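To be precise, the following lines are structure34.txt, and they hold compact mmCIF, C-alpha atoms.
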# COMPACT_ATOMS: atom_id res chain seq x y z
CA MET A 1 100.30 41.02 -15.85
CA MET A 2 99.04 37.75 -14.48
CA ARG A 3 100.04 36.67 -11.03
CA VAL A 4 100.21 33.04 -9.89
CA ASN A 5 98.89 32.49 -6.38
CA PRO A 6 100.41 29.29 -4.93
CA ASP A 7 97.83 29.30 -2.12
CA PHE A 8 95.00 29.28 -4.67
CA LEU A 9 96.66 26.42 -6.50
CA GLU A 10 96.95 24.54 -3.23
CA ALA A 11 93.36 25.33 -2.23
CA THR A 12 91.94 24.03 -5.52
CA LYS A 13 94.11 20.92 -5.25
CA LEU A 14 92.75 20.39 -1.77
CA MET A 15 89.23 20.61 -3.09
CA ASP A 16 89.14 16.98 -4.10
CA ARG A 17 86.12 17.81 -6.25
CA PHE A 18 88.04 19.98 -8.72
CA ASN A 19 89.55 17.96 -11.55
CA ALA A 20 90.28 19.50 -14.93
CA SER A 21 93.60 17.86 -15.67
CA ALA A 22 92.03 15.64 -18.35
CA CYS A 23 90.84 18.68 -20.37
CA ILE A 24 92.31 18.51 -23.90
CA ASN A 25 91.23 22.08 -24.70
CA CYS A 26 89.15 20.93 -27.69
CA GLY A 27 86.46 23.57 -27.17
CA SER A 28 83.43 21.27 -27.55
CA CYS A 29 82.14 22.64 -24.24
CA THR A 30 82.34 26.25 -25.38
CA ALA A 31 80.66 25.46 -28.70
CA LEU A 32 77.75 23.71 -26.97
CA CYS A 33 77.16 26.17 -24.13
CA PRO A 34 73.59 27.57 -24.29
CA MET A 35 74.87 30.66 -22.48
CA GLU A 36 77.48 31.22 -25.19
CA ILE A 37 80.07 32.32 -22.62
CA SER A 38 83.42 31.91 -24.32
CA LEU A 39 85.24 31.72 -20.98
CA LEU A 40 83.37 28.62 -19.89
CA PRO A 41 84.66 26.21 -19.10
CA ARG A 42 87.99 25.47 -20.79
CA ARG A 43 89.70 28.86 -20.38
CA LEU A 44 88.45 29.13 -16.82
CA PHE A 45 89.81 25.69 -15.95
CA ARG A 46 93.19 26.62 -17.47
CA TYR A 47 93.32 29.66 -15.14
CA VAL A 48 92.64 27.41 -12.16
CA LEU A 49 95.25 24.84 -13.19
CA LEU A 50 97.81 27.64 -13.54
CA GLY A 51 96.92 29.16 -10.16
CA LEU A 52 95.72 32.45 -11.66
CA GLU A 53 93.32 33.35 -8.87
CA GLY A 54 93.02 36.96 -10.04
CA LYS A 55 91.75 35.89 -13.46
CA VAL A 56 89.24 33.55 -11.84
CA LEU A 57 87.93 36.25 -9.50
CA GLU A 58 87.67 38.72 -12.41
CA ASN A 59 85.13 36.37 -13.97
CA ILE A 60 82.75 35.76 -11.07
CA PRO A 61 79.58 36.67 -13.06
CA SER A 62 80.47 34.12 -15.76
CA ILE A 63 81.09 31.43 -13.14
CA TYR A 64 77.66 32.01 -11.57
CA SER A 65 75.99 32.30 -15.00
CA CYS A 66 76.63 28.64 -15.75
CA LEU A 67 73.29 26.82 -15.92
CA LEU A 68 74.84 23.52 -14.74
CA CYS A 69 72.74 21.99 -17.51
CA LYS A 70 75.49 19.45 -18.29
CA MET A 71 75.24 19.86 -22.07
CA CYS A 72 79.04 20.37 -22.17
CA GLU A 73 79.88 17.58 -19.73
CA ASP A 74 77.67 15.05 -21.47
CA ASN A 75 79.54 15.73 -24.72
CA CYS A 76 83.07 16.15 -23.35
CA PRO A 77 85.43 13.70 -25.11
CA ALA A 78 87.81 13.77 -22.11
CA GLU A 79 84.99 13.20 -19.59
CA VAL A 80 85.96 16.19 -17.45
CA PRO A 81 83.49 16.60 -14.54
CA ILE A 82 82.68 20.14 -15.66
CA VAL A 83 79.60 20.75 -13.52
CA GLU A 84 81.29 19.57 -10.34
CA ASN A 85 84.29 21.79 -11.15
CA ILE A 86 82.07 24.85 -11.54
CA ARG A 87 80.35 24.03 -8.25
CA ALA A 88 83.73 23.65 -6.56
CA LEU A 89 84.80 27.09 -7.79
CA ARG A 90 81.53 28.60 -6.55
CA THR A 91 82.17 27.04 -3.13
CA TYR A 92 85.67 28.57 -3.12
CA ILE A 93 84.32 32.03 -4.08
CA ASN A 94 81.41 31.77 -1.62
CA ARG A 95 83.90 31.25 1.19
CA LYS A 96 86.72 33.50 0.06
CA ARG A 97 84.78 36.45 -1.39
CA TYR A 98 81.29 36.31 0.11
CA GLY A 99 81.93 34.82 3.53
CA LEU A 100 79.04 32.41 3.15
CA GLU A 101 79.62 30.18 6.10
CA ARG A 102 77.23 29.14 8.78
CA SER A 103 76.78 31.97 11.26
CA MET B 1 74.15 47.43 -11.44
CA ALA B 2 73.73 43.64 -11.61
CA LEU B 3 72.23 41.79 -8.67
CA PRO B 4 74.86 41.37 -5.93
CA ILE B 5 75.60 37.64 -6.09
CA GLY B 6 76.94 37.33 -2.54
CA LYS B 7 74.03 39.20 -0.98
CA VAL B 8 71.33 37.27 -2.88
CA LEU B 9 72.98 33.96 -2.01
CA GLY B 10 73.35 35.19 1.56
CA ILE B 11 69.60 35.82 1.88
CA LEU B 12 68.75 32.39 0.42
CA SER B 13 71.37 30.73 2.58
CA ASP B 14 70.13 32.49 5.75
CA ASN B 15 66.59 31.37 4.94
CA LEU B 16 67.60 27.76 4.48
CA GLU B 17 69.72 27.73 7.60
CA ARG B 18 67.28 29.53 9.91
CA ARG B 19 63.89 28.74 8.35
CA LYS B 20 64.66 25.42 6.63
CA ALA B 21 63.53 26.74 3.23
CA ILE B 22 64.91 29.16 0.62
CA LEU B 23 61.52 30.88 0.43
CA PRO B 24 59.67 29.86 3.57
CA LEU B 25 56.13 28.83 2.68
CA PRO B 26 53.36 28.82 5.30
CA VAL B 27 52.58 25.17 6.12
CA GLY B 28 49.00 25.64 4.92
CA LYS B 29 50.20 26.68 1.45
CA ALA B 30 52.68 23.82 1.18
CA THR B 31 50.12 21.16 2.07
CA ALA B 32 46.94 22.67 0.57
CA TRP B 33 47.12 20.38 -2.47
CA ALA B 34 46.52 17.28 -0.30
CA ARG B 35 43.27 18.54 1.23
CA GLY B 36 40.45 16.06 0.77
CA LEU B 37 42.62 13.34 -0.75
CA ASP B 38 42.83 11.34 2.50
CA ILE B 39 46.49 10.54 2.06
CA PRO B 40 47.77 8.89 5.27
CA PHE B 41 50.58 10.51 7.23
CA GLY B 42 54.01 8.91 6.76
CA GLY B 43 54.53 5.22 6.08
CA GLU B 44 57.29 3.24 4.40
CA THR B 45 56.53 4.80 1.02
CA VAL B 46 55.89 8.53 0.81
CA LEU B 47 55.17 10.99 -1.96
CA TYR B 48 57.79 13.70 -1.47
CA THR B 49 56.99 17.04 -3.12
CA GLY B 50 60.07 18.90 -1.83
CA HIS B 51 57.82 22.01 -2.06
CA MET B 52 58.91 22.53 -5.66
CA TYR B 53 55.51 22.85 -7.34
CA GLN B 54 54.14 24.80 -4.37
CA LEU B 55 57.07 27.23 -4.54
CA ILE B 56 56.70 28.11 -8.21
CA PRO B 57 54.10 30.88 -7.85
CA TRP B 58 56.37 32.45 -5.20
CA ILE B 59 59.53 31.99 -7.25
CA THR B 60 57.86 33.44 -10.34
CA THR B 61 56.77 36.56 -8.46
CA MET B 62 60.19 36.85 -6.83
CA ALA B 63 61.99 36.47 -10.18
CA ALA B 64 59.79 39.14 -11.74
CA SER B 65 60.60 41.48 -8.82
CA LEU B 66 64.31 40.75 -9.17
CA GLU B 67 64.17 41.32 -12.93
CA ARG B 68 62.64 44.76 -12.30
CA VAL B 69 65.37 45.78 -9.87
CA GLU B 70 68.26 44.16 -11.77
CA ASN B 71 70.57 46.91 -13.06
CA SER B 72 68.88 49.56 -10.89
CA TRP B 73 69.93 51.55 -7.81
CA VAL B 74 67.80 49.25 -5.61
CA THR B 75 70.54 46.60 -5.73
CA ARG B 76 72.60 48.81 -3.38
CA PHE B 77 70.17 47.96 -0.58
CA PHE B 78 70.56 44.20 -0.74
CA ALA B 79 73.17 44.25 2.04
CA MET B 80 70.67 45.94 4.34
CA GLY B 81 68.01 43.50 3.11
CA ARG B 82 70.12 40.56 4.18
CA VAL B 83 70.57 41.95 7.69
CA LEU B 84 66.83 42.65 7.99
CA ASN B 85 65.91 39.24 6.58
CA ARG B 86 67.76 37.55 9.43
CA ALA B 87 65.26 39.04 11.86
CA ILE B 88 62.13 39.29 9.71
CA ASN B 89 61.25 37.00 6.81
CA ILE B 90 61.24 39.75 4.16
CA SER B 91 61.50 37.32 1.26
CA ARG B 92 57.90 36.38 2.12
CA PHE B 93 56.72 39.91 1.34
CA MET B 94 58.77 40.08 -1.86
CA ALA B 95 56.88 37.15 -3.28
CA LEU B 96 53.15 37.59 -2.75
CA THR B 97 51.29 35.35 -5.16
CA HIS B 98 47.96 35.06 -6.90
CA GLN B 99 45.66 32.34 -5.61
CA PRO B 100 44.63 31.02 -9.06
CA GLU B 101 48.26 30.25 -9.81
CA GLU B 102 48.69 28.52 -6.46
CA ARG B 103 45.62 26.41 -7.22
CA ALA B 104 46.97 25.50 -10.66
CA TYR B 105 50.23 24.18 -9.21
CA SER B 106 48.36 22.37 -6.41
CA GLY B 107 46.29 20.75 -9.15
CA ILE B 108 49.44 19.21 -10.64
CA LEU B 109 50.29 17.53 -7.34
CA ARG B 110 46.72 16.27 -7.03
CA ASN B 111 47.00 14.83 -10.55
CA ILE B 112 50.16 12.98 -9.56
CA ALA B 113 48.53 11.54 -6.42
CA ARG B 114 45.55 10.36 -8.48
CA LEU B 115 47.77 8.79 -11.12
CA LEU B 116 49.67 6.83 -8.48
CA ARG B 117 46.46 5.64 -6.88
CA ALA B 118 44.98 4.64 -10.22
CA SER B 119 48.12 2.54 -10.78
CA GLY B 120 47.69 0.79 -7.45
CA VAL B 121 50.57 2.52 -5.64
CA GLU B 122 50.02 2.99 -1.90
CA PHE B 123 51.77 5.96 -0.36
CA GLY B 124 51.74 8.42 2.50
CA TYR B 125 52.75 12.07 2.80
CA LEU B 126 54.69 13.91 5.48
CA TYR B 127 52.44 17.00 5.32
CA GLY B 128 53.84 19.92 7.33
CA GLU B 129 56.97 18.00 8.28
CA GLU B 130 58.22 17.73 4.71
CA LEU B 131 61.27 19.90 3.90
CA TYR B 132 62.75 21.52 0.82
CA ALA B 133 65.64 19.36 -0.47
CA GLY B 134 68.12 22.25 -0.95
CA ALA B 135 68.79 22.00 -4.72
CA LEU B 136 69.30 25.73 -5.31
CA LEU B 137 72.02 26.12 -2.70
CA TYR B 138 73.68 22.89 -3.84
CA ASP B 139 73.90 24.30 -7.37
CA GLN B 140 75.33 27.57 -6.07
CA GLY B 141 78.03 25.76 -4.13
CA VAL B 142 76.83 26.88 -0.68
CA ASP B 143 77.93 23.54 0.63
CA GLU B 144 77.84 23.87 4.40
CA VAL B 145 74.24 25.02 4.59
CA PHE B 146 73.19 22.59 1.88
CA THR B 147 74.78 19.67 3.74
CA MET B 148 73.02 20.77 6.92
CA GLN B 149 69.66 20.73 5.09
CA ALA B 150 70.40 17.35 3.49
CA GLY B 151 71.11 16.04 7.00
CA ARG B 152 67.75 17.39 8.22
CA VAL B 153 65.86 15.74 5.35
CA SER B 154 67.69 12.46 5.78
CA ALA B 155 67.08 12.45 9.55
CA LEU B 156 63.39 13.18 8.99
CA LEU B 157 62.96 10.33 6.50
CA HIS B 158 64.81 7.82 8.67
CA LYS B 159 63.03 8.93 11.85
CA LYS B 160 59.64 8.46 10.18
CA GLY B 161 60.60 4.99 9.00
CA VAL B 162 60.48 5.93 5.31
CA ARG B 163 62.15 3.44 2.96
CA GLN B 164 60.89 4.49 -0.46
CA VAL B 165 60.35 8.00 -1.71
CA ILE B 166 58.30 8.90 -4.77
CA THR B 167 59.37 12.27 -6.15
CA VAL B 168 57.42 14.63 -8.37
CA ASP B 169 60.11 16.81 -9.94
CA PRO B 170 63.62 16.37 -11.36
CA HIS B 171 65.46 18.58 -8.86
CA THR B 172 64.21 16.76 -5.77
CA THR B 173 64.78 13.42 -7.52
CA ASN B 174 68.38 14.38 -8.25
CA MET B 175 69.03 15.58 -4.69
CA LEU B 176 67.44 12.62 -2.90
CA ARG B 177 68.71 9.93 -5.27
CA SER B 178 72.10 11.08 -6.57
CA VAL B 179 73.44 13.84 -4.31
CA TYR B 180 72.39 12.88 -0.75
CA PRO B 181 74.13 9.48 -0.83
CA LYS B 182 77.43 11.32 -1.47
CA LYS B 183 76.84 13.79 1.37
CA ILE B 184 75.11 11.79 4.09
CA ASN B 185 76.49 8.69 5.79
CA GLU B 186 74.16 5.72 5.99
CA TYR B 187 71.53 7.23 3.75
CA ARG B 188 69.32 4.32 2.77
CA ILE B 189 66.34 5.64 0.88
CA GLU B 190 65.16 4.24 -2.43
CA VAL B 191 64.04 7.07 -4.71
CA LYS B 192 61.95 6.99 -7.88
CA SER B 193 60.16 9.70 -9.74
CA TYR B 194 56.45 9.14 -10.27
CA LEU B 195 57.09 9.00 -14.03
CA GLU B 196 59.47 6.07 -13.61
CA LEU B 197 57.09 4.33 -11.25
CA LEU B 198 54.10 4.78 -13.57
CA ALA B 199 56.05 3.55 -16.60
CA GLU B 200 57.09 0.43 -14.64
CA ARG B 201 53.49 -0.24 -13.68
CA ASP B 202 52.38 0.11 -17.30
CA PRO B 203 48.92 1.43 -16.38
CA LYS B 204 45.90 0.82 -18.59
CA CYS B 205 44.92 3.82 -20.66
CA VAL B 206 41.23 4.58 -20.10
CA ARG B 207 41.00 7.38 -22.63
CA GLN B 208 43.01 7.83 -25.83
CA LEU B 209 43.87 11.51 -26.09
CA ASP B 210 44.45 11.63 -29.85
CA LEU B 211 46.46 14.85 -29.83
CA ASP B 212 49.83 16.30 -30.82
CA LEU B 213 52.31 17.55 -28.25
CA VAL B 214 55.79 19.02 -28.31
CA ILE B 215 57.88 17.54 -25.50
CA HIS B 216 60.41 19.54 -23.50
CA ASP B 217 62.82 17.44 -21.42
CA SER B 218 64.30 18.68 -18.17
CA CYS B 219 68.13 18.83 -18.19
CA ILE B 220 68.23 17.16 -14.80
CA TYR B 221 65.93 14.29 -15.74
CA ALA B 222 67.63 13.75 -19.10
CA ARG B 223 71.31 14.11 -18.24
CA ASN B 224 71.48 13.34 -14.53
CA GLU B 225 68.70 10.86 -13.89
CA GLU B 226 68.14 9.13 -17.23
CA VAL B 227 64.44 9.85 -17.26
CA VAL B 228 63.87 10.19 -21.01
CA GLY B 229 61.99 7.17 -22.30
CA GLN B 230 59.41 6.84 -19.52
CA PRO B 231 57.42 10.05 -20.14
CA ARG B 232 57.42 9.34 -23.88
CA GLU B 233 56.18 5.79 -23.33
CA LEU B 234 53.34 7.00 -21.09
CA LEU B 235 52.28 9.71 -23.53
CA ARG B 236 52.45 7.48 -26.62
CA ASN B 237 50.40 4.78 -24.88
CA ALA B 238 47.84 7.51 -24.23
CA GLY B 239 47.49 8.22 -27.94
CA VAL B 240 49.68 11.32 -28.02
CA ARG B 241 51.68 12.03 -31.17
CA LEU B 242 54.95 13.44 -29.89
CA HIS B 243 56.92 16.11 -31.70
CA GLU B 244 60.54 16.54 -30.72
CA PRO B 245 62.47 19.80 -31.08
CA GLU B 246 65.93 19.48 -32.58
CA LEU B 247 67.47 19.54 -29.10
CA SER B 248 65.59 16.95 -27.07
CA GLY B 249 66.13 13.86 -24.92
CA ARG B 250 69.71 13.75 -23.63
CA LEU B 251 70.52 16.77 -25.81
CA THR B 252 67.72 18.90 -24.40
CA HIS B 253 68.21 22.66 -24.16
CA CYS B 254 68.02 24.32 -20.73
CA CYS B 255 65.03 26.55 -19.89
CA GLY B 256 67.23 29.13 -18.13
CA GLY B 257 65.69 28.45 -14.70
CA PRO B 258 68.88 27.65 -12.78
CA ILE B 259 70.19 31.24 -13.01
CA GLU B 260 66.89 32.99 -12.41
CA SER B 261 67.72 34.06 -8.87
CA LEU B 262 71.00 35.76 -9.87
CA PHE B 263 70.54 36.77 -13.52
CA PRO B 264 66.79 36.98 -14.14
CA GLY B 265 67.15 38.92 -17.40
CA ARG B 266 69.62 36.44 -18.87
CA ALA B 267 67.44 33.54 -17.68
CA GLN B 268 64.55 34.97 -19.69
CA GLU B 269 66.74 35.25 -22.80
CA ILE B 270 67.56 31.53 -22.53
CA ALA B 271 63.89 30.71 -21.93
CA LYS B 272 62.89 32.70 -25.02
CA LYS B 273 65.47 30.87 -27.11
CA ARG B 274 64.09 27.53 -25.93
CA THR B 275 60.50 28.63 -26.39
CA GLU B 276 61.24 29.54 -30.03
CA GLN B 277 62.69 26.06 -30.59
CA LEU B 278 59.60 24.46 -29.07
CA SER B 279 57.06 26.65 -30.83
CA GLY B 280 58.73 25.75 -34.13
CA CYS B 281 57.40 22.20 -33.67
CA GLY B 282 53.84 22.90 -32.59
CA ASP B 283 51.64 25.02 -30.37
CA SER B 284 51.12 22.73 -27.38
CA VAL B 285 54.12 22.02 -25.18
CA THR B 286 54.37 19.60 -22.29
CA THR B 287 56.96 19.87 -19.52
CA MET B 288 57.87 17.65 -16.57
CA CYS B 289 59.60 20.11 -14.25
CA PRO B 290 57.92 23.00 -12.41
CA ILE B 291 60.85 25.33 -13.10
CA CYS B 292 60.88 24.55 -16.83
CA MET B 293 57.13 25.06 -16.93
CA ALA B 294 57.24 28.45 -15.22
CA ASN B 295 60.11 29.72 -17.37
CA ILE B 296 58.71 28.56 -20.68
CA LYS B 297 55.29 29.95 -19.75
CA ARG B 298 56.82 33.33 -18.91
CA ALA B 299 58.72 33.42 -22.19
CA SER B 300 55.84 32.08 -24.27
CA ILE B 301 54.73 33.75 -27.42
CA ARG B 302 51.01 34.24 -27.93
CA GLY B 303 49.05 31.09 -28.57
CA LEU B 304 51.60 28.64 -27.16
CA LYS B 305 50.00 26.30 -24.61
CA VAL B 306 52.35 25.03 -21.92
CA ARG B 307 51.10 22.29 -19.61
CA ASP B 308 52.59 19.88 -17.13
CA ILE B 309 52.73 16.27 -18.31
CA SER B 310 50.55 15.16 -15.36
CA GLU B 311 47.59 17.02 -16.85
CA TYR B 312 47.66 14.80 -19.92
CA LEU B 313 48.46 11.63 -18.00
CA VAL B 314 45.59 12.10 -15.57
CA ALA B 315 43.25 12.60 -18.52
CA ALA B 316 44.43 9.34 -20.08
CA TYR B 317 44.95 7.05 -17.11
CA CYS B 318 42.52 8.10 -14.36
CA PRO B 319 38.98 6.87 -14.83
CA GLY B 320 36.34 9.46 -14.02
CA ALA B 321 38.71 12.24 -13.01
CA SER B 322 36.71 15.44 -12.98
CA THR B 323 39.49 17.37 -14.69
CA LEU B 324 39.07 15.16 -17.73
CA GLN B 325 35.71 16.43 -18.83
CA GLY B 326 35.90 17.86 -22.26
CA TYR B 327 39.59 17.10 -22.63
CA ALA B 328 39.36 15.35 -25.97
CA ARG B 329 36.88 17.95 -27.22
CA LYS B 330 39.09 20.79 -26.01
CA HIS B 331 42.16 19.38 -27.69
CA SER B 332 40.59 18.21 -30.95
CA SER B 333 41.14 21.61 -32.51
CA TRP B 334 44.87 21.31 -31.86
CA LYS B 335 45.21 18.62 -34.51
CA ASN B 336 46.92 19.44 -37.77
CA GLN B 337 48.26 22.67 -36.36
CA PHE B 338 51.76 21.34 -36.13
CA ARG B 339 54.56 22.47 -38.31
CA GLY B 340 58.21 21.39 -38.04
CA ARG B 341 59.14 17.77 -37.49
CA GLY B 342 56.49 15.11 -37.69
CA PRO B 343 55.47 12.71 -34.97
CA VAL B 344 58.25 10.50 -33.67
CA SER B 345 57.43 6.84 -34.03
Can you give me the file's structure in the form of structure tokens?
Amino acid sequence: MMRVNPDFLEATKLMDRFNASACINCGSCTALCPMEISLLPRRLFRYVLLGLEGKVLENIPSIYSCLLCKMCEDNCPAEVPIVENIRALRTYINRKRYGLERS
Amino acid sequence: MALPIGKVLGILSDNLERRKAILPLPVGKATAWARGLDIPFGGETVLYTGHMYQLIPWITTMAASLERVENSWVTRFFAMGRVLNRAINISRFMALTHQPEERAYSGILRNIARLLRASGVEFGYLYGEELYAGALLYDQGVDEVFTMQAGRVSALLHKKGVRQVITVDPHTTNMLRSVYPKKINEYRIEVKSYLELLAERDPKCVRQLDLDLVIHDSCIYARNEEVVGQPRELLRNAGVRLHEPELSGRLTHCCGGPIESLFPGRAQEIAKKRTEQLSGCGDSVTTMCPICMANIKRASIRGLKVRDISEYLVAAYCPGASTLQGYARKHSSWKNQFRGRGPVS
């Protein structure tokens, strides 16, 4: 069962850097990914837009495996800022899961 | 057991916050390349290395160590390692390097300084005061510590009266030119990579190299900074016949470097894939990023020569450079060894 976390939804909305609403789910990004990770980035972004925090946190290794090489973003027909979105999710996980704040 | 992402990032983050570098280099190692070049301290225009080339021998050793422990019981001790590292700089011991490799990477920076001088560019250097730009932590989304480091670099440049920065690698170029202005208020530094500056100056070629090279573009230069045409122009003017892999220019394939600190095994798989693409076009590859160079070298199959672009440029554009002796002779045997796509006109 998938659980929607309204707080997660709110937190990602508050991160003004995260913007995947333009994604048309065409899959160009997945086809071009040198890492060949089927989750990245369209399915992952769908989880975020739906507030499925659990699904996002289940996929931490995939999120950190992204090379940020921009091959997907440069060829995205909807011009989704994919790299910045991945970075925003890493920032969220760094704070929420790893406690990476200044000591 | 995979490397613990949070703990590895924690160690790198602690280093940047407390020691102002992800892998703190002794000042002598960071500035050794400039010895004997009589580069003045500071000035309005500075050559900014961001420690990237100097760090590569350390990063390579560190990545090899991490690859050995990845998926082993040792990963359980990373939490303790992070606590220890706050008091003692243990990352320094994890990455002991070989001097010949350090000299090789210093040589690249010396090449760049000579190329700029030969083109009539006057510049200074901040020596021991120069700082790492923070690219790795920016990529990993460790935003607070990254922003703190960006603030330190910006304050340093403004305090020293720097107006123009000449960068030597794509990551530092991207940070100083495209990322810092979004993070730091009143950041007013003009940034150009040495490749852009040289191409603008259109230097006179003093020696035609007459050789074939496969070019590997950096993702950051190609897709973030639009540095694609300049290196090609400089090489072609130097008599180089360029061979392009199927994925090149704006469509270049990543070398795997960005995930080396967290997934060293996977990074090597990507590097191998790229190396196969490159070796399909010829047996001499040129790179323009220290991380690309280190990764492709590590993944190289026997017989593939991987060299930084500055080595060729210094041979073509710097009169009397000692490193040039025998260059044309050394490379003459490379001719006609190329398979795959022909030279790009």
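Summary of the local environment: counting all atoms listed in the file, residues at most 8 Å from Met2 of chain A, other than itself and those fewer than 2 positions away along its chain, are Val4, Leu52, Gly54 and Lys55 of chain A.
Distances here use only C-alpha atoms; by that measure, the residue among A:Val56, A:Leu40, A:Val80, A:Cys33 closest to chain B is A:Cys33.
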Practice item. Using all atoms listed in the file, select each residue of chain B with any atom at most 9 Å away from an atom of chain A, and give the selection as a PyMOL selection string. Key: chain B and resi 5-7+9-10+13-14+17+138-145+219-220+223-224+250-254+256-259+262-263+266+270
Study note, to complete from the structure: What separates atom CA of Glu10 of chain A and atom CA of Glu79 of chain A is a distance of 23.2 Å
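Summary of the local environment: counting all atoms listed in the file, residues at most 9 Å from Phe123 of chain B, other than itself and those fewer than 2 positions away along its chain, are Ile39, Pro40, Phe41, Gly42, Gly43, Glu44, Thr45, Val46, Leu47, Ala113, Leu116, Arg117, Val121, Tyr125, Val165 and Ile166 of chain B.
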Using only the atoms of segment 243-258 of chain B listed in the file, plus 5 Å on each side, state the axis-aligned box centre and edge lengths in Å rounded to one decimal, as AutoDock Vina command-line options.
--center_x 63.7 --center_y 21.4 --center_z -22.7 --size_x 23.6 --size_y 25.4 --size_z 29.8
Exercise for review: For atom CA of Tyr194 of chain B and atom CA of Gly229 of chain B, determine how far apart the two atoms are, in Å to one decimal place.
Suggested key: 13.4 Å
Point to revise | Near-segment 308-319 of chain B list (6 Å; only C-alpha atoms; drop same-chain fewer than 4 positions) as a ChimeraX atom specification | key: /B:111,115,118,205-207,238,286-288,324
Review point. So what do you get for atom CA of Val153 of chain B versus atom CA of Asn19 of chain A, distance-wise?
Key: 29.2 Å
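Among the candidate residues B:Val191, B:Ile112, B:Leu23, B:Leu37, the one lying nearest to Ile56 of chain B is B:Leu23, with distances computed using only C-alpha atoms.
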Check your understanding: Hey, what's within 9 Å of Asn15 of chain B if we count only C-alpha atoms and toss same-chain stuff fewer than 4 positions away? As a list in words, please?
Key -> Gly10, Ile11, Arg19, Lys20, Ala21, Ile22, Leu23, Pro24, Asn85, Arg86, Asn89 and Ser91 of chain B
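With all atoms listed in the file as the atoms that count, the minimum distance from Thr49 of chain B to the choices B:Glu225, B:Glu130, B:Glu244, B:Glu122 is reached by B:Glu130.
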Practice item. Using all atoms listed in the file, pick whichever of A:Ala78, A:Met1, A:Ile37, A:Leu49 has the shortest atom-to-atom distance to Asn25 of chain A. Key: A:Ala78
